[in-house]
Amino acid sequence: MTDFILAGIQFEPVLGDPAANIAASSRLVREAAAGGARLVVLPEAASAGYMFADRADARRHAEPVPGGPVSSAWAALAAELDLWIVAGITELAGGKVYNAAVLIGPEGHAGTFRKAHLWNAEKELYDRQEDGFPVFRTPLGNIAVGICYDAWFPETFRSAALGGADLLALPSNWVPVPGQPDDVPAMANLMCITGAHSNQLYVAGVSRVGTERDQPFVGRSLIVGPDGWPLAGPADGEGEAVLLARVDLIGSRAQRLGNPFNQPLADRRTDVYRTGDFRPGPPEGPV
């Protein structure tokens, strides 16, 4: 059997308090493990919070990966509970600071992903990654990682799928989207749903809640199947949540990728796609 329980943990990290975040995340990971979870996804910036005042502030709260206090605590927890963790972390590497996420298994650190698309003031806080979207091979299946705003780019999902990913884990800090109607799903949820459906992979979009330095976060974490339909969630916009969904990353491959009617990956028309480097600007007539 290759199926297992995937968990998404929604909580409120504390800005500048790694010890509090270790305690809260560990408590919730243990709760997920008690529910049978083998893989747990935590929010973006779960190690030290998100709303840093400036680059120096971000650097003060960054840690090396592996070996930093938070990633080491998560590694010990993964080893003890025999599970895998994907979690957002502020990373210090070679003098650079990244908005990153770690993949940790029972044997320790298995990989790091650094956010590809920096949102808003993040461009002033973090360094840009040049690594693309690696896919990490694990006994549970092939796992790719994106972070929050990465979900606004279809290339994130497609890069993961073309790399052989069965699951895209999306640690996030989703914020309110201006103009969001009350009677439709949150924009972030729509991104996860359509990205999963169009790329035939599982998606775990896991966000935080609360308000940090006047910035509210909307929660709404969810786990989506490769057909695009939610398997767990969306959670509400307030409070902690432990979402559990049974998934089969490996065993579902034949069914996911061999649909006789629609194969969004196999049916791609790369011969007709335009790949120019468009930059928004004043209209200059037909293109």
# chains A, B, ... in the order shown; residues from 1 in each chain; ligands from 1
call {"tool": "closest_atom_pairs", "arguments": {"of": "stretch 171-219 of chain A", "to": "stretch 111-123 of chain A", "cutoff": "12 Å", "atoms": "only C-alpha atoms", "output": "CSV"}}
result
residue,atom,partner,partner_atom,distance
A:Pro171,CA,A:Lys115,CA,10.1
A:Ser172,CA,A:Lys115,CA,10.5
A:Asn173,CA,A:Trp119,CA,11.0
A:Trp174,CA,A:Trp119,CA,11.2
A:Val175,CA,A:Trp119,CA,11.3
call {"tool": "select_by_dssp", "arguments": {"residues": "stretch 100-208 of chain A", "states": "strand (DSSP E)", "output": "VMD selection string"}}
result
chain A and resid 100 to 105 108 to 114 135 to 138 141 to 145 167 to 171 202 to 206
call {"tool": "write_last_selection", "arguments": {"atoms": "C-alpha atoms", "output": "short mmCIF file (atom, residue, chain, number, x, y, z; two decimals), in the first residue's frame"}}
result
data_model
loop_
_atom_site.label_atom_id
_atom_site.label_comp_id
_atom_site.auth_asym_id
_atom_site.auth_seq_id
_atom_site.Cartn_x
_atom_site.Cartn_y
_atom_site.Cartn_z
CA ALA A 100 12.61 29.37 2.18
CA ALA A 101 10.97 26.08 3.05
CA VAL A 102 12.64 22.93 4.30
CA LEU A 103 11.80 19.32 3.57
CA ILE A 104 12.78 17.15 6.53
CA GLY A 105 12.35 13.39 6.87
CA GLY A 108 17.03 14.52 8.61
CA HIS A 109 17.20 17.40 6.14
CA ALA A 110 16.21 16.26 2.63
CA GLY A 111 16.04 19.55 0.74
CA THR A 112 15.44 23.29 0.74
CA PHE A 113 13.33 25.39 -1.59
CA ARG A 114 13.75 29.17 -1.80
CA VAL A 135 11.54 17.85 -7.16
CA PHE A 136 12.55 15.78 -4.15
CA ARG A 137 12.26 12.01 -4.39
CA THR A 138 10.96 10.46 -1.15
CA GLY A 141 6.34 10.10 -3.60
CA ASN A 142 7.91 12.97 -5.51
CA ILE A 143 7.47 16.27 -3.70
CA ALA A 144 7.92 19.78 -5.10
CA VAL A 145 7.62 22.94 -3.03
CA LEU A 167 2.57 16.76 -4.84
CA LEU A 168 3.19 20.48 -4.70
CA ALA A 169 3.46 21.64 -1.07
CA LEU A 170 2.68 25.35 -0.72
CA PRO A 171 3.56 26.83 2.69
CA TYR A 202 -1.90 16.95 -5.39
CA VAL A 203 -1.58 20.42 -3.85
CA ALA A 204 -1.33 21.28 -0.15
CA GLY A 205 -1.82 25.01 0.31
CA VAL A 206 -1.25 25.73 4.00
#
call {"tool": "closest_residue", "arguments": {"among": "A:Tyr273, A:Trp84, A:Phe11, A:Phe157", "to": "A:Gly49", "atoms": "only C-alpha atoms"}}
result
A:Phe11
call {"tool": "closest_residue", "arguments": {"among": "A:Asp227, A:Asp82, A:Asp3, A:Asp127", "to": "A:Ala58", "atoms": "only C-alpha atoms"}}
result
A:Asp127
call {"tool": "select_by_dssp", "arguments": {"residues": "stretch 57-246 of chain A", "states": "helix (DSSP H, G or I)", "output": "VMD selection string"}}
result
chain A and resid 57 to 60 69 to 81 122 to 125 148 to 152 154 to 162 187 to 199
call {"tool": "atom_distance", "arguments": {"atom1": "atom CA of A:Arg279", "atom2": "atom CA of A:Ser159"}}
result
20.9 Å
call {"tool": "closest_residue", "arguments": {"among": "A:Ala23, A:Leu231, A:Ala56, A:Ala241", "to": "A:Val209", "atoms": "only C-alpha atoms"}}
result
A:Ala241
call {"tool": "atom_distance", "arguments": {"atom1": "atom CA of A:Phe4", "atom2": "atom CA of A:Asp248"}}
result
6.4 Å
call {"tool": "closest_atom_pairs", "arguments": {"of": "stretch 59-109 of chain A", "to": "stretch 19-22 of chain A", "cutoff": "12 Å", "atoms": "only C-alpha atoms", "output": "tab-separated table"}}
result
residue	atom	partner	partner_atom	distance
A:His61	CA	A:Ala19	CA	11.7
A:Gly68	CA	A:Ile22	CA	11.9
A:Pro69	CA	A:Ala19	CA	8.7
A:Val70	CA	A:Ile22	CA	6.3
A:Ser71	CA	A:Ile22	CA	9.1
A:Ser72	CA	A:Ile22	CA	9.9
A:Ala73	CA	A:Ile22	CA	6.9
A:Trp74	CA	A:Ile22	CA	7.7
A:Ala75	CA	A:Ile22	CA	11.3
A:Ala76	CA	A:Ile22	CA	11.3
A:Leu77	CA	A:Ile22	CA	10.1
A:Ala87	CA	A:Ile22	CA	11.3
A:Gly88	CA	A:Asn21	CA	11.4
A:Ile89	CA	A:Asn21	CA	10.9
call {"tool": "write_last_selection", "arguments": {"atoms": "N, CA and C atoms", "output": "PDB file, in the first residue's frame"}}
result
ATOM      1  N   HIS A  61      16.716  37.208  12.270  1.00  0.00           N
ATOM      2  CA  HIS A  61      15.861  36.076  12.595  1.00  0.00           C
ATOM      3  C   HIS A  61      16.062  34.897  11.639  1.00  0.00           C
ATOM      4  N   GLY A  68      20.223  25.028  12.092  1.00  0.00           N
ATOM      5  CA  GLY A  68      19.673  26.101  12.905  1.00  0.00           C
ATOM      6  C   GLY A  68      18.743  25.554  13.976  1.00  0.00           C
ATOM      7  N   PRO A  69      18.388  26.373  14.957  1.00  0.00           N
ATOM      8  CA  PRO A  69      17.584  25.865  16.080  1.00  0.00           C
ATOM      9  C   PRO A  69      16.208  25.351  15.685  1.00  0.00           C
ATOM     10  N   VAL A  70      15.531  26.051  14.781  1.00  0.00           N
ATOM     11  CA  VAL A  70      14.179  25.616  14.426  1.00  0.00           C
ATOM     12  C   VAL A  70      14.232  24.383  13.530  1.00  0.00           C
ATOM     13  N   SER A  71      15.061  24.424  12.499  1.00  0.00           N
ATOM     14  CA  SER A  71      15.135  23.256  11.613  1.00  0.00           C
ATOM     15  C   SER A  71      15.643  22.032  12.370  1.00  0.00           C
ATOM     16  N   SER A  72      16.525  22.235  13.339  1.00  0.00           N
ATOM     17  CA  SER A  72      17.002  21.104  14.146  1.00  0.00           C
ATOM     18  C   SER A  72      15.883  20.535  15.014  1.00  0.00           C
ATOM     19  N   ALA A  73      15.046  21.412  15.561  1.00  0.00           N
ATOM     20  CA  ALA A  73      13.918  20.945  16.370  1.00  0.00           C
ATOM     21  C   ALA A  73      12.940  20.153  15.511  1.00  0.00           C
ATOM     22  N   TRP A  74      12.670  20.648  14.312  1.00  0.00           N
ATOM     23  CA  TRP A  74      11.776  19.921  13.408  1.00  0.00           C
ATOM     24  C   TRP A  74      12.383  18.582  12.990  1.00  0.00           C
ATOM     25  N   ALA A  75      13.701  18.546  12.784  1.00  0.00           N
ATOM     26  CA  ALA A  75      14.360  17.298  12.403  1.00  0.00           C
ATOM     27  C   ALA A  75      14.244  16.264  13.520  1.00  0.00           C
ATOM     28  N   ALA A  76      14.427  16.711  14.755  1.00  0.00           N
ATOM     29  CA  ALA A  76      14.295  15.791  15.885  1.00  0.00           C
ATOM     30  C   ALA A  76      12.873  15.261  15.982  1.00  0.00           C
ATOM     31  N   LEU A  77      11.911  16.125  15.720  1.00  0.00           N
ATOM     32  CA  LEU A  77      10.503  15.722  15.774  1.00  0.00           C
ATOM     33  C   LEU A  77      10.191  14.720  14.661  1.00  0.00           C
ATOM     34  N   ALA A  87       8.110  22.949   5.850  1.00  0.00           N
ATOM     35  CA  ALA A  87       7.817  24.108   6.689  1.00  0.00           C
ATOM     36  C   ALA A  87       8.581  25.339   6.228  1.00  0.00           C
ATOM     37  N   GLY A  88       7.917  26.472   6.282  1.00  0.00           N
ATOM     38  CA  GLY A  88       8.542  27.731   5.904  1.00  0.00           C
ATOM     39  C   GLY A  88       9.534  28.201   6.943  1.00  0.00           C
ATOM     40  N   ILE A  89      10.681  28.720   6.469  1.00  0.00           N
ATOM     41  CA  ILE A  89      11.753  29.133   7.369  1.00  0.00           C
ATOM     42  C   ILE A  89      12.493  30.316   6.763  1.00  0.00           C
TER      43      ILE A  89
END
call {"tool": "closest_residue", "arguments": {"among": "A:Tyr50, A:Trp229, A:Trp152, A:Tyr98", "to": "A:Pro13", "atoms": "only C-alpha atoms"}}
result
A:Tyr50
